[in-house]
file coords-v4.pdb (PDB, C-alpha atoms, pLDDT in the B column)
MODEL        1
ATOM      1  CA  HIS A   1       0.000   0.000   0.000  1.00 39.00           C
ATOM      2  CA  GLY A   2       1.100   3.602  -0.195  1.00 43.00           C
ATOM      3  CA  ARG A   3       3.078   5.047   2.685  1.00 57.00           C
ATOM      4  CA  GLY A   4       0.880   6.829   5.219  1.00 71.00           C
ATOM      5  CA  ARG A   5      -2.302   4.831   4.532  1.00 76.00           C
ATOM      6  CA  CYS A   6      -3.977   2.009   6.421  1.00 76.00           C
ATOM      7  CA  GLY A   7      -3.347  -1.324   4.728  1.00 73.00           C
ATOM      8  CA  ASN A   8      -6.930  -2.429   5.357  1.00 68.00           C
ATOM      9  CA  CYS A   9      -9.282   0.551   4.909  1.00 71.00           C
ATOM     10  CA  HIS A  10      -6.753   2.718   2.984  1.00 73.00           C
ATOM     11  CA  SER A  11      -7.599   5.809   5.008  1.00 72.00           C
ATOM     12  CA  ALA A  12      -4.862   8.420   5.318  1.00 77.00           C
ATOM     13  CA  LEU A  13      -2.868   8.318   8.536  1.00 72.00           C
ATOM     14  CA  ALA A  14      -2.179  11.668  10.137  1.00 72.00           C
ATOM     15  CA  GLN A  15       1.284  12.416  11.418  1.00 72.00           C
ATOM     16  CA  GLY A  16       1.644  11.030  14.942  1.00 67.00           C
ATOM     17  CA  ALA A  17      -1.333   8.665  14.580  1.00 67.00           C
ATOM     18  CA  VAL A  18      -1.203   5.457  16.657  1.00 65.00           C
ATOM     19  CA  VAL A  19      -0.852   2.458  14.352  1.00 68.00           C
ATOM     20  CA  LEU A  20       0.286  -1.139  14.321  1.00 67.00           C
ATOM     21  CA  ASP A  21       3.045  -1.415  11.788  1.00 67.00           C
ATOM     22  CA  CYS A  22       5.622  -3.648  10.158  1.00 66.00           C
ATOM     23  CA  PRO A  23       8.506  -1.320   9.212  1.00 67.00           C
ATOM     24  CA  GLU A  24      10.275  -3.954   7.122  1.00 64.00           C
ATOM     25  CA  CYS A  25       7.302  -4.435   4.800  1.00 65.00           C
ATOM     26  CA  ASP A  26       5.959  -0.840   5.043  1.00 70.00           C
ATOM     27  CA  TYR A  27       2.556  -2.050   6.272  1.00 70.00           C
ATOM     28  CA  TYR A  28       0.282  -0.167   8.685  1.00 71.00           C
ATOM     29  CA  LEU A  29      -3.102  -0.730  10.315  1.00 72.00           C
ATOM     30  CA  CYS A  30      -5.020   2.190  11.797  1.00 70.00           C
ATOM     31  CA  ARG A  31      -6.498   1.968  15.271  1.00 63.00           C
ATOM     32  CA  GLU A  32     -10.063   1.437  14.010  1.00 63.00           C
ATOM     33  CA  CYS A  33      -9.040  -1.548  11.879  1.00 66.00           C
ATOM     34  CA  THR A  34      -6.914  -3.244  14.530  1.00 61.00           C
ATOM     35  CA  ASN A  35      -9.642  -3.341  17.145  1.00 58.00           C
ATOM     36  CA  PRO A  36     -13.095  -2.065  16.148  1.00 55.00           C
ATOM     37  CA  GLY A  37     -15.451  -1.507  19.080  1.00 53.00           C
ATOM     38  CA  GLY A  38     -12.910  -2.127  21.799  1.00 60.00           C
ATOM     39  CA  VAL A  39      -9.295  -1.958  22.878  1.00 77.00           C
ATOM     40  CA  PHE A  40      -6.372  -4.316  23.403  1.00 86.00           C
ATOM     41  CA  ILE A  41      -4.866  -5.482  26.668  1.00 92.00           C
ATOM     42  CA  LEU A  42      -1.313  -6.827  26.711  1.00 94.00           C
ATOM     43  CA  LEU A  43      -1.118  -9.803  29.091  1.00 96.00           C
ATOM     44  CA  VAL A  44       2.359 -10.683  30.324  1.00 97.00           C
ATOM     45  CA  GLU A  45       2.963 -13.739  32.516  1.00 98.00           C
ATOM     46  CA  PRO A  46       6.491 -14.024  33.936  1.00 97.00           C
ATOM     47  CA  ILE A  47       7.070 -17.710  34.692  1.00 97.00           C
ATOM     48  CA  THR A  48      10.597 -18.154  36.008  1.00 97.00           C
ATOM     49  CA  ALA A  49      13.870 -16.303  36.483  1.00 95.00           C
ATOM     50  CA  LEU A  50      16.910 -18.558  36.568  1.00 93.00           C
ATOM     51  CA  ASP A  51      20.714 -18.663  36.557  1.00 91.00           C
ATOM     52  CA  LEU A  52      20.667 -15.241  38.172  1.00 90.00           C
ATOM     53  CA  GLY A  53      23.901 -13.332  38.684  1.00 86.00           C
ATOM     54  CA  THR A  54      24.879 -10.911  41.410  1.00 84.00           C
ATOM     55  CA  PRO A  55      22.635  -7.850  41.845  1.00 84.00           C
ATOM     56  CA  GLU A  56      24.044  -4.342  41.651  1.00 83.00           C
ATOM     57  CA  TYR A  57      26.101  -3.417  44.684  1.00 75.00           C
ATOM     58  CA  ARG A  58      24.466  -1.603  47.556  1.00 72.00           C
ATOM     59  CA  VAL A  59      26.151  -0.202  50.642  1.00 63.00           C
ATOM     60  CA  GLY A  60      26.098  -2.887  53.326  1.00 58.00           C
ATOM     61  CA  ASP A  61      26.170  -5.889  50.991  1.00 60.00           C
ATOM     62  CA  HIS A  62      29.485  -7.054  52.432  1.00 55.00           C
ATOM     63  CA  LEU A  63      27.766  -7.400  55.805  1.00 54.00           C
ATOM     64  CA  ASN A  64      25.165  -9.697  54.223  1.00 55.00           C
ATOM     65  CA  GLY A  65      27.733 -12.002  52.632  1.00 50.00           C
ATOM     66  CA  PHE A  66      27.265 -10.712  49.059  1.00 49.00           C
ATOM     67  CA  GLN A  67      30.641  -9.321  48.113  1.00 44.00           C
ATOM     68  CA  LYS A  68      33.209 -11.523  49.823  1.00 37.00           C
ATOM     69  CA  ARG A  69      35.712 -11.224  46.982  1.00 39.00           C
ATOM     70  CA  TRP A  70      34.801  -7.787  45.697  1.00 40.00           C
ATOM     71  CA  SER A  71      37.382  -5.002  45.565  1.00 38.00           C
ATOM     72  CA  LEU A  72      36.326  -1.450  44.725  1.00 37.00           C
ATOM     73  CA  ARG A  73      39.690  -0.611  43.239  1.00 40.00           C
ATOM     74  CA  SER A  74      40.180  -3.744  41.156  1.00 44.00           C
ATOM     75  CA  ARG A  75      36.652  -4.548  39.928  1.00 48.00           C
ATOM     76  CA  PRO A  76      33.849  -2.235  38.727  1.00 52.00           C
ATOM     77  CA  GLU A  77      31.360  -5.079  39.198  1.00 54.00           C
ATOM     78  CA  PRO A  78      31.207  -7.559  42.112  1.00 50.00           C
ATOM     79  CA  PRO A  79      31.968 -11.255  41.423  1.00 48.00           C
ATOM     80  CA  PRO A  80      29.233 -13.933  41.256  1.00 49.00           C
ATOM     81  CA  LEU A  81      27.625 -14.957  44.507  1.00 43.00           C
ATOM     82  CA  VAL A  82      29.191 -17.815  46.376  1.00 44.00           C
ATOM     83  CA  ALA A  83      26.666 -20.670  46.290  1.00 42.00           C
ATOM     84  CA  GLY A  84      24.433 -20.476  49.321  1.00 44.00           C
ATOM     85  CA  ALA A  85      26.014 -17.226  50.505  1.00 47.00           C
ATOM     86  CA  ALA A  86      22.912 -15.081  50.227  1.00 61.00           C
ATOM     87  CA  GLU A  87      19.196 -15.231  49.651  1.00 79.00           C
ATOM     88  CA  LEU A  88      17.688 -13.086  46.923  1.00 86.00           C
ATOM     89  CA  SER A  89      14.202 -11.576  47.104  1.00 89.00           C
ATOM     90  CA  ILE A  90      13.392 -11.438  43.417  1.00 93.00           C
ATOM     91  CA  TYR A  91      10.609  -9.666  41.550  1.00 95.00           C
ATOM     92  CA  VAL A  92       9.992  -8.817  37.896  1.00 97.00           C
ATOM     93  CA  GLU A  93       9.253  -5.240  36.867  1.00 97.00           C
ATOM     94  CA  ALA A  94       7.727  -4.655  33.417  1.00 97.00           C
ATOM     95  CA  GLU A  95       7.665  -1.244  31.762  1.00 97.00           C
ATOM     96  CA  LEU A  96       5.775  -0.244  28.626  1.00 92.00           C
ATOM     97  CA  ALA A  97       6.403   2.960  26.679  1.00 81.00           C
ATOM     98  CA  GLY A  98       5.365   6.060  28.568  1.00 76.00           C
ATOM     99  CA  GLY A  99       6.680   4.791  31.891  1.00 82.00           C
ATOM    100  CA  ARG A 100       3.712   2.548  32.729  1.00 89.00           C
ATOM    101  CA  GLN A 101       4.955  -0.160  35.078  1.00 93.00           C
ATOM    102  CA  ARG A 102       3.696  -3.349  36.660  1.00 96.00           C
ATOM    103  CA  ARG A 103       5.538  -5.697  38.975  1.00 95.00           C
ATOM    104  CA  THR A 104       5.122  -9.215  40.313  1.00 97.00           C
ATOM    105  CA  ARG A 105       5.101 -10.406  43.881  1.00 96.00           C
ATOM    106  CA  VAL A 106       8.471 -10.986  45.557  1.00 94.00           C
ATOM    107  CA  VAL A 107       9.872 -14.530  45.422  1.00 93.00           C
ATOM    108  CA  ASP A 108      12.710 -15.726  47.669  1.00 89.00           C
ATOM    109  CA  ALA A 109      15.419 -17.777  45.976  1.00 82.00           C
ATOM    110  CA  GLN A 110      18.917 -18.884  46.893  1.00 69.00           C
ATOM    111  CA  ASP A 111      21.751 -18.497  44.409  1.00 62.00           C
ATOM    112  CA  GLY A 112      21.409 -21.244  41.785  1.00 63.00           C
ATOM    113  CA  GLU A 113      17.705 -21.811  42.422  1.00 75.00           C
ATOM    114  CA  VAL A 114      14.800 -20.913  40.135  1.00 89.00           C
ATOM    115  CA  ALA A 115      12.518 -18.035  41.106  1.00 93.00           C
ATOM    116  CA  ASP A 116       9.007 -19.274  40.263  1.00 95.00           C
ATOM    117  CA  PHE A 117       6.368 -16.653  39.357  1.00 96.00           C
ATOM    118  CA  SER A 118       3.658 -19.088  38.250  1.00 93.00           C
ATOM    119  CA  GLY A 119       0.203 -17.514  38.441  1.00 94.00           C
ATOM    120  CA  GLU A 120       1.404 -13.935  37.941  1.00 96.00           C
ATOM    121  CA  GLN A 121      -0.229 -11.852  35.210  1.00 96.00           C
ATOM    122  CA  LEU A 122       0.676  -8.249  34.404  1.00 97.00           C
ATOM    123  CA  ARG A 123      -1.869  -6.291  32.349  1.00 95.00           C
ATOM    124  CA  PHE A 124      -1.280  -3.203  30.209  1.00 93.00           C
ATOM    125  CA  PRO A 125      -3.629  -1.203  27.954  1.00 89.00           C
ATOM    126  CA  TYR A 126      -1.937  -1.620  24.577  1.00 88.00           C
ATOM    127  CA  HIS A 127      -1.698   1.172  22.015  1.00 83.00           C
ATOM    128  CA  ALA A 128       0.734  -0.254  19.449  1.00 82.00           C
ATOM    129  CA  GLU A 129       3.849   0.178  21.594  1.00 88.00           C
ATOM    130  CA  SER A 130       6.835  -1.496  19.969  1.00 89.00           C
ATOM    131  CA  GLU A 131       8.584  -2.959  23.026  1.00 94.00           C
ATOM    132  CA  LEU A 132       8.322  -3.944  26.665  1.00 96.00           C
ATOM    133  CA  VAL A 133      11.270  -3.780  29.071  1.00 97.00           C
ATOM    134  CA  LEU A 134      11.521  -6.521  31.695  1.00 98.00           C
ATOM    135  CA  ARG A 135      13.758  -5.984  34.717  1.00 97.00           C
ATOM    136  CA  VAL A 136      14.601  -8.491  37.433  1.00 95.00           C
ATOM    137  CA  ARG A 137      15.377  -6.798  40.751  1.00 93.00           C
ATOM    138  CA  ASP A 138      16.384  -7.869  44.247  1.00 90.00           C
ATOM    139  CA  ARG A 139      14.022  -6.453  46.867  1.00 88.00           C
ATOM    140  CA  ARG A 140      15.823  -4.632  49.681  1.00 82.00           C
ATOM    141  CA  GLY A 141      14.719  -2.701  52.725  1.00 72.00           C
ATOM    142  CA  MET A 142      16.786   0.184  54.037  1.00 72.00           C
ATOM    143  CA  GLN A 143      19.449  -0.466  51.402  1.00 61.00           C
ATOM    144  CA  ALA A 144      16.988   0.644  48.710  1.00 59.00           C
ATOM    145  CA  TRP A 145      16.273   4.074  50.195  1.00 72.00           C
ATOM    146  CA  VAL A 146      18.905   5.922  48.184  1.00 70.00           C
ATOM    147  CA  ARG A 147      19.274   4.068  44.882  1.00 73.00           C
ATOM    148  CA  GLY A 148      16.264   1.755  44.853  1.00 84.00           C
ATOM    149  CA  ASP A 149      16.210  -2.022  44.620  1.00 91.00           C
ATOM    150  CA  PRO A 150      19.346  -3.286  42.839  1.00 89.00           C
ATOM    151  CA  LEU A 151      19.036  -4.555  39.288  1.00 93.00           C
ATOM    152  CA  VAL A 152      19.979  -8.154  38.534  1.00 92.00           C
ATOM    153  CA  GLY A 153      19.395  -7.860  34.782  1.00 94.00           C
ATOM    154  CA  GLU A 154      16.983  -6.693  32.113  1.00 97.00           C
ATOM    155  CA  ALA A 155      15.615  -7.889  28.777  1.00 97.00           C
ATOM    156  CA  LEU A 156      13.791  -6.277  25.868  1.00 97.00           C
ATOM    157  CA  LEU A 157      10.611  -7.875  24.484  1.00 97.00           C
ATOM    158  CA  PRO A 158       9.754  -6.657  20.947  1.00 94.00           C
ATOM    159  CA  LEU A 159       6.034  -6.196  20.229  1.00 92.00           C
ATOM    160  CA  GLY A 160       4.608  -6.219  16.710  1.00 88.00           C
ATOM    161  CA  PRO A 161       1.447  -6.682  14.621  1.00 84.00           C
ATOM    162  CA  GLU A 162       1.813 -10.464  14.739  1.00 88.00           C
ATOM    163  CA  LEU A 163       0.257 -10.256  18.235  1.00 89.00           C
ATOM    164  CA  LEU A 164      -3.095  -9.373  16.675  1.00 84.00           C
ATOM    165  CA  ASP A 165      -3.854 -13.084  16.281  1.00 87.00           C
ATOM    166  CA  GLY A 166      -4.332 -13.247  20.063  1.00 90.00           C
ATOM    167  CA  ALA A 167      -2.319 -16.445  20.353  1.00 95.00           C
ATOM    168  CA  PRO A 168      -0.176 -16.922  23.480  1.00 97.00           C
ATOM    169  CA  ARG A 169       3.567 -16.942  22.887  1.00 97.00           C
ATOM    170  CA  ASP A 170       6.199 -18.529  25.126  1.00 98.00           C
ATOM    171  CA  LEU A 171       9.666 -17.063  25.138  1.00 97.00           C
ATOM    172  CA  VAL A 172      12.997 -17.335  26.928  1.00 98.00           C
ATOM    173  CA  LEU A 173      14.947 -14.066  27.071  1.00 98.00           C
ATOM    174  CA  PRO A 174      18.512 -13.525  28.272  1.00 97.00           C
ATOM    175  CA  LEU A 175      19.037 -11.021  31.055  1.00 96.00           C
ATOM    176  CA  SER A 176      21.967  -8.630  30.967  1.00 96.00           C
ATOM    177  CA  ARG A 177      23.429  -5.682  32.854  1.00 94.00           C
ATOM    178  CA  ARG A 178      26.178  -3.478  31.432  1.00 90.00           C
ATOM    179  CA  GLU A 179      26.578  -5.965  28.562  1.00 89.00           C
ATOM    180  CA  ALA A 180      27.224  -8.858  30.981  1.00 92.00           C
ATOM    181  CA  HIS A 181      24.952 -11.936  31.007  1.00 94.00           C
ATOM    182  CA  THR A 182      23.109 -12.154  34.341  1.00 92.00           C
ATOM    183  CA  GLY A 183      20.510 -14.884  33.832  1.00 93.00           C
ATOM    184  CA  MET A 184      17.350 -15.755  31.924  1.00 95.00           C
ATOM    185  CA  ILE A 185      13.622 -15.120  32.204  1.00 97.00           C
ATOM    186  CA  THR A 186      10.827 -17.282  30.799  1.00 98.00           C
ATOM    187  CA  LEU A 187       7.433 -15.759  30.062  1.00 98.00           C
ATOM    188  CA  ARG A 188       4.165 -16.022  28.174  1.00 98.00           C
ATOM    189  CA  PHE A 189       2.432 -13.057  26.534  1.00 97.00           C
ATOM    190  CA  ARG A 190      -0.497 -12.240  24.254  1.00 96.00           C
ATOM    191  CA  LEU A 191      -2.982  -9.543  23.257  1.00 93.00           C
ATOM    192  CA  GLN A 192      -6.570  -9.724  24.485  1.00 91.00           C
ATOM    193  CA  HIS A 193      -9.507  -7.892  22.901  1.00 82.00           C
ATOM    194  CA  THR A 194     -11.627  -6.284  25.604  1.00 74.00           C
ATOM    195  CA  SER A 195     -14.195  -3.580  26.254  1.00 58.00           C
ATOM    196  CA  VAL A 196     -13.338   0.031  26.979  1.00 50.00           C
ATOM    197  CA  ALA A 197     -14.659  -0.387  30.554  1.00 50.00           C
ATOM    198  CA  ASP A 198     -12.347  -3.346  31.247  1.00 56.00           C
ATOM    199  CA  ALA A 199      -9.432  -1.451  29.749  1.00 48.00           C
ATOM    200  CA  SER A 200     -10.100   1.469  32.098  1.00 53.00           C
ATOM    201  CA  ARG A 201      -9.798  -0.854  35.080  1.00 54.00           C
ATOM    202  CA  THR A 202      -6.572  -2.239  33.659  1.00 52.00           C
ATOM    203  CA  ASP A 203      -5.196   1.268  33.181  1.00 56.00           C
ATOM    204  CA  ALA A 204      -5.739   1.817  36.901  1.00 52.00           C
ATOM    205  CA  GLY A 205      -3.172  -0.885  37.604  1.00 53.00           C
ATOM    206  CA  ASP A 206      -4.554  -4.423  37.269  1.00 56.00           C
ATOM    207  CA  HIS A 207      -2.275  -7.155  38.542  1.00 58.00           C
ATOM    208  CA  VAL A 208      -3.293 -10.782  38.983  1.00 56.00           C
ATOM    209  CA  SER A 209      -1.080 -12.698  41.392  1.00 54.00           C
ATOM    210  CA  GLY A 210      -0.704 -16.331  42.303  1.00 45.00           C
ATOM    211  CA  GLU A 211      -0.764 -15.198  45.940  1.00 40.00           C
ATOM    212  CA  ALA A 212      -2.977 -12.760  47.762  1.00 33.00           C
ATOM    213  CA  ALA A 213       0.007 -10.507  48.451  1.00 31.00           C
ATOM    214  CA  GLY A 214       1.345  -8.720  45.393  1.00 36.00           C
ATOM    215  CA  SER A 215       2.480  -5.278  44.474  1.00 36.00           C
ATOM    216  CA  VAL A 216       1.518  -3.062  41.578  1.00 34.00           C
ATOM    217  CA  SER A 217       3.280  -0.034  40.207  1.00 35.00           C
ATOM    218  CA  ASP A 218       1.891   2.248  37.518  1.00 36.00           C
ATOM    219  CA  SER A 219       4.364   5.071  37.438  1.00 35.00           C
ATOM    220  CA  SER A 220       5.892   7.467  34.984  1.00 32.00           C
ATOM    221  CA  ALA A 221       9.067   7.634  37.056  1.00 35.00           C
ATOM    222  CA  ALA A 222      12.329   6.889  35.300  1.00 36.00           C
ATOM    223  CA  GLU A 223      14.200   3.632  35.909  1.00 38.00           C
ATOM    224  CA  GLN A 224      15.610   3.367  39.390  1.00 41.00           C
ATOM    225  CA  LYS A 225      19.345   3.948  39.510  1.00 39.00           C
TER     226      LYS A 225
ENDMDL
END
call {"tool": "encode", "arguments": {"input": "coords-v4.pdb", "output": "structure tokens"}}
result
Amino acid sequence: HGRGRCGNCHSALAQGAVVLDCPECDYYLCRECTNPGGVFILLVEPITALDLGTPEYRVGDHLNGFQKRWSLRSRPEPPPLVAGAAELSIYVEAELAGGRQRRTRVVDAQDGEVADFSGEQLRFPYHAESELVLRVRDRRGMQAWVRGDPLVGEALLPLGPELLDGAPRDLVLPLSRREAHTGMITLRFRLQHTSVADASRTDAGDHVSGEAAGSVSDSSAAEQK
């Protein structure tokens, strides 16, 4: 089709219009054609985080047994955790364009174990965003007051028009931090067609957890540093 027109109804697309697109094939669908009479919800289900590396350093880690071989002058990053040396309190934070965030419940896991998030479901109103950032963090208490919970690693999930089929997709993504491999995350994701009313509730911060206790964040704040 011609550039700047919907590939289905052929209506002209104004500059800045929200579309679902395939840049490689120069194909666009306008908002009306992608979801007439409703809106889309992006459902993201983190399943496991595994082979996790050492979180970012926080003051006091050496007292908790994290950085037994770490030297500030010789290494910019701390070495891997000694097996069994520390327990991690892991959660997954997902961020869609515009700063909208959701997070899972916290799962305790020793070094070398798998953090299991079965039953978690993070929900986002979807407006043709092209990617979702997934971050695995270690929950801290007082140590997080200044710089926030330390990052273990992050991954980028591309989102495209192929999701319009509504089929669930399973994926394993590598986690990294400062170009270093820090683990893997497994997840399932799909688009769901829903009513405007349901989407409004989702926009308020829907989070479905496998446990009664869970936390939700819907913030435009920048990534914690």
call {"tool": "closest_residue", "arguments": {"input": "coords-v4.pdb", "among": "A:Asp51, A:Leu88, A:Gly160, A:Ile185", "to": "A:Val172", "atoms": "all atoms listed in the file"}}
result
A:Ile185
call {"tool": "atom_distance", "arguments": {"input": "coords-v4.pdb", "atom1": "atom CA of A:Ala49", "atom2": "atom CA of A:Glu129"}}
result
24.4 Å
call {"tool": "resolve_selection", "arguments": {"input": "coords-v4.pdb", "expression": "the PyMOL selection byres ((chain A and resi 131-138) around 7)", "output": "ChimeraX atom specification"}}
result
/A:55,88-96,129-130,139-140,149-159
call {"tool": "write_last_selection", "arguments": {"input": "coords-v4.pdb", "atoms": "C-alpha atoms", "output": "PDB file, in the coordinates of the input"}}
result
ATOM      1  CA  PRO A  55      22.635  -7.850  41.845  1.00 84.00           C
ATOM      2  CA  LEU A  88      17.688 -13.086  46.923  1.00 86.00           C
ATOM      3  CA  SER A  89      14.202 -11.576  47.104  1.00 89.00           C
ATOM      4  CA  ILE A  90      13.392 -11.438  43.417  1.00 93.00           C
ATOM      5  CA  TYR A  91      10.609  -9.666  41.550  1.00 95.00           C
ATOM      6  CA  VAL A  92       9.992  -8.817  37.896  1.00 97.00           C
ATOM      7  CA  GLU A  93       9.253  -5.240  36.867  1.00 97.00           C
ATOM      8  CA  ALA A  94       7.727  -4.655  33.417  1.00 97.00           C
ATOM      9  CA  GLU A  95       7.665  -1.244  31.762  1.00 97.00           C
ATOM     10  CA  LEU A  96       5.775  -0.244  28.626  1.00 92.00           C
ATOM     11  CA  GLU A 129       3.849   0.178  21.594  1.00 88.00           C
ATOM     12  CA  SER A 130       6.835  -1.496  19.969  1.00 89.00           C
ATOM     13  CA  ARG A 139      14.022  -6.453  46.867  1.00 88.00           C
ATOM     14  CA  ARG A 140      15.823  -4.632  49.681  1.00 82.00           C
ATOM     15  CA  ASP A 149      16.210  -2.022  44.620  1.00 91.00           C
ATOM     16  CA  PRO A 150      19.346  -3.286  42.839  1.00 89.00           C
ATOM     17  CA  LEU A 151      19.036  -4.555  39.288  1.00 93.00           C
ATOM     18  CA  VAL A 152      19.979  -8.154  38.534  1.00 92.00           C
ATOM     19  CA  GLY A 153      19.395  -7.860  34.782  1.00 94.00           C
ATOM     20  CA  GLU A 154      16.983  -6.693  32.113  1.00 97.00           C
ATOM     21  CA  ALA A 155      15.615  -7.889  28.777  1.00 97.00           C
ATOM     22  CA  LEU A 156      13.791  -6.277  25.868  1.00 97.00           C
ATOM     23  CA  LEU A 157      10.611  -7.875  24.484  1.00 97.00           C
ATOM     24  CA  PRO A 158       9.754  -6.657  20.947  1.00 94.00           C
ATOM     25  CA  LEU A 159       6.034  -6.196  20.229  1.00 92.00           C
TER      26      LEU A 159
END
call {"tool": "closest_residue", "arguments": {"input": "coords-v4.pdb", "among": "A:Glu179, A:Gly141, A:Arg103, A:Asp108", "to": "A:Leu122", "atoms": "all atoms listed in the file"}}
result
A:Arg103
call {"tool": "atom_distance", "arguments": {"input": "coords-v4.pdb", "atom1": "atom CA of A:Ala128", "atom2": "atom CA of A:Phe40"}}
result
9.1 Å
call {"tool": "atom_distance", "arguments": {"input": "coords-v4.pdb", "atom1": "atom CA of A:Arg188", "atom2": "atom CA of A:Leu43"}}
result
8.2 Å
call {"tool": "axis_aligned_box", "arguments": {"input": "coords-v4.pdb", "around": "stretch 165-180 of chain A", "padding_each_side": "6 Å", "output": "AutoDock Vina command-line options"}}
result
--center_x 11.4 --center_y -11.0 --center_z 24.6 --size_x 43.6 --size_y 27.1 --size_z 28.6
call {"tool": "residues_near_point", "arguments": {"input": "coords-v4.pdb", "point": "(0.7, 2.9, 26.8)", "cutoff": "7 Å", "atoms": "all atoms listed in the file", "output": "PyMOL selection string"}}
result
chain A and resi 96-98+100+125-127+129
call {"tool": "write_last_selection", "arguments": {"input": "coords-v4.pdb", "atoms": "C-alpha atoms", "output": "short mmCIF file (atom, residue, chain, number, x, y, z; two decimals), keeping the file's coordinate frame"}}
result
data_model
loop_
_atom_site.label_atom_id
_atom_site.label_comp_id
_atom_site.auth_asym_id
_atom_site.auth_seq_id
_atom_site.Cartn_x
_atom_site.Cartn_y
_atom_site.Cartn_z
CA LEU A 96 5.78 -0.24 28.63
CA ALA A 97 6.40 2.96 26.68
CA GLY A 98 5.36 6.06 28.57
CA ARG A 100 3.71 2.55 32.73
CA PRO A 125 -3.63 -1.20 27.95
CA TYR A 126 -1.94 -1.62 24.58
CA HIS A 127 -1.70 1.17 22.02
CA GLU A 129 3.85 0.18 21.59
#
call {"tool": "closest_residue", "arguments": {"input": "coords-v4.pdb", "among": "A:Val44, A:Leu29, A:Gly148, A:Leu13", "to": "A:Asp170", "atoms": "only C-alpha atoms"}}
result
A:Val44
call {"tool": "closest_residue", "arguments": {"input": "coords-v4.pdb", "among": "A:Cys6, A:Val107, A:Leu50, A:Leu173", "to": "A:Tyr28", "atoms": "all atoms listed in the file"}}
result
A:Cys6
call {"tool": "resolve_selection", "arguments": {"input": "coords-v4.pdb", "expression": "the PyMOL selection byres ((chain A and resi 167) around 12)", "output": "list in words"}}
result
Leu42, Leu43, Pro161, Glu162, Leu163, Leu164, Asp165, Gly166, Pro168, Arg169, Asp170, Arg188, Phe189, Arg190, Leu191, Gln192 and His193 of chain A
call {"tool": "resolve_selection", "arguments": {"input": "coords-v4.pdb", "expression": "the PyMOL selection byres ((chain A and resi 182) around 6)", "output": "MDAnalysis selection string"}}
result
chainID A and resid 52:53 153 175:176 181 183
call {"tool": "build_atoms", "arguments": {"input": "coords-v4.pdb", "residues": "stretch 180-184 of chain A", "atoms": "all heavy atoms", "output": "compact mmCIF listing (two decimals), keeping the file's coordinate frame"}}
result
# COMPACT_ATOMS: atom_id res chain seq x y z
N ALA A 180 26.86 -7.57 30.40
CA ALA A 180 27.22 -8.86 30.98
C ALA A 180 25.98 -9.72 31.16
O ALA A 180 24.91 -9.22 31.55
CB ALA A 180 27.91 -8.66 32.33
N HIS A 181 26.08 -11.02 30.84
CA HIS A 181 24.95 -11.94 31.01
C HIS A 181 24.70 -12.16 32.49
O HIS A 181 25.62 -12.47 33.25
CB HIS A 181 25.27 -13.26 30.32
CG HIS A 181 24.20 -14.29 30.49
ND1 HIS A 181 23.00 -14.25 29.81
CD2 HIS A 181 24.14 -15.40 31.28
CE1 HIS A 181 22.25 -15.27 30.16
NE2 HIS A 181 22.92 -15.99 31.05
N THR A 182 23.43 -12.02 32.92
CA THR A 182 23.11 -12.15 34.34
C THR A 182 21.95 -13.11 34.60
O THR A 182 21.39 -13.11 35.70
CB THR A 182 22.78 -10.78 34.95
OG1 THR A 182 21.72 -10.16 34.20
CG2 THR A 182 24.00 -9.87 34.96
N GLY A 183 21.57 -13.92 33.61
CA GLY A 183 20.51 -14.88 33.83
C GLY A 183 19.54 -14.97 32.68
O GLY A 183 19.80 -14.48 31.57
N MET A 184 18.39 -15.59 32.94
CA MET A 184 17.35 -15.76 31.92
C MET A 184 15.97 -15.59 32.57
O MET A 184 15.81 -15.81 33.76
CB MET A 184 17.45 -17.13 31.25
CG MET A 184 18.71 -17.33 30.43
SD MET A 184 18.73 -18.95 29.62
CE MET A 184 18.94 -20.02 31.06
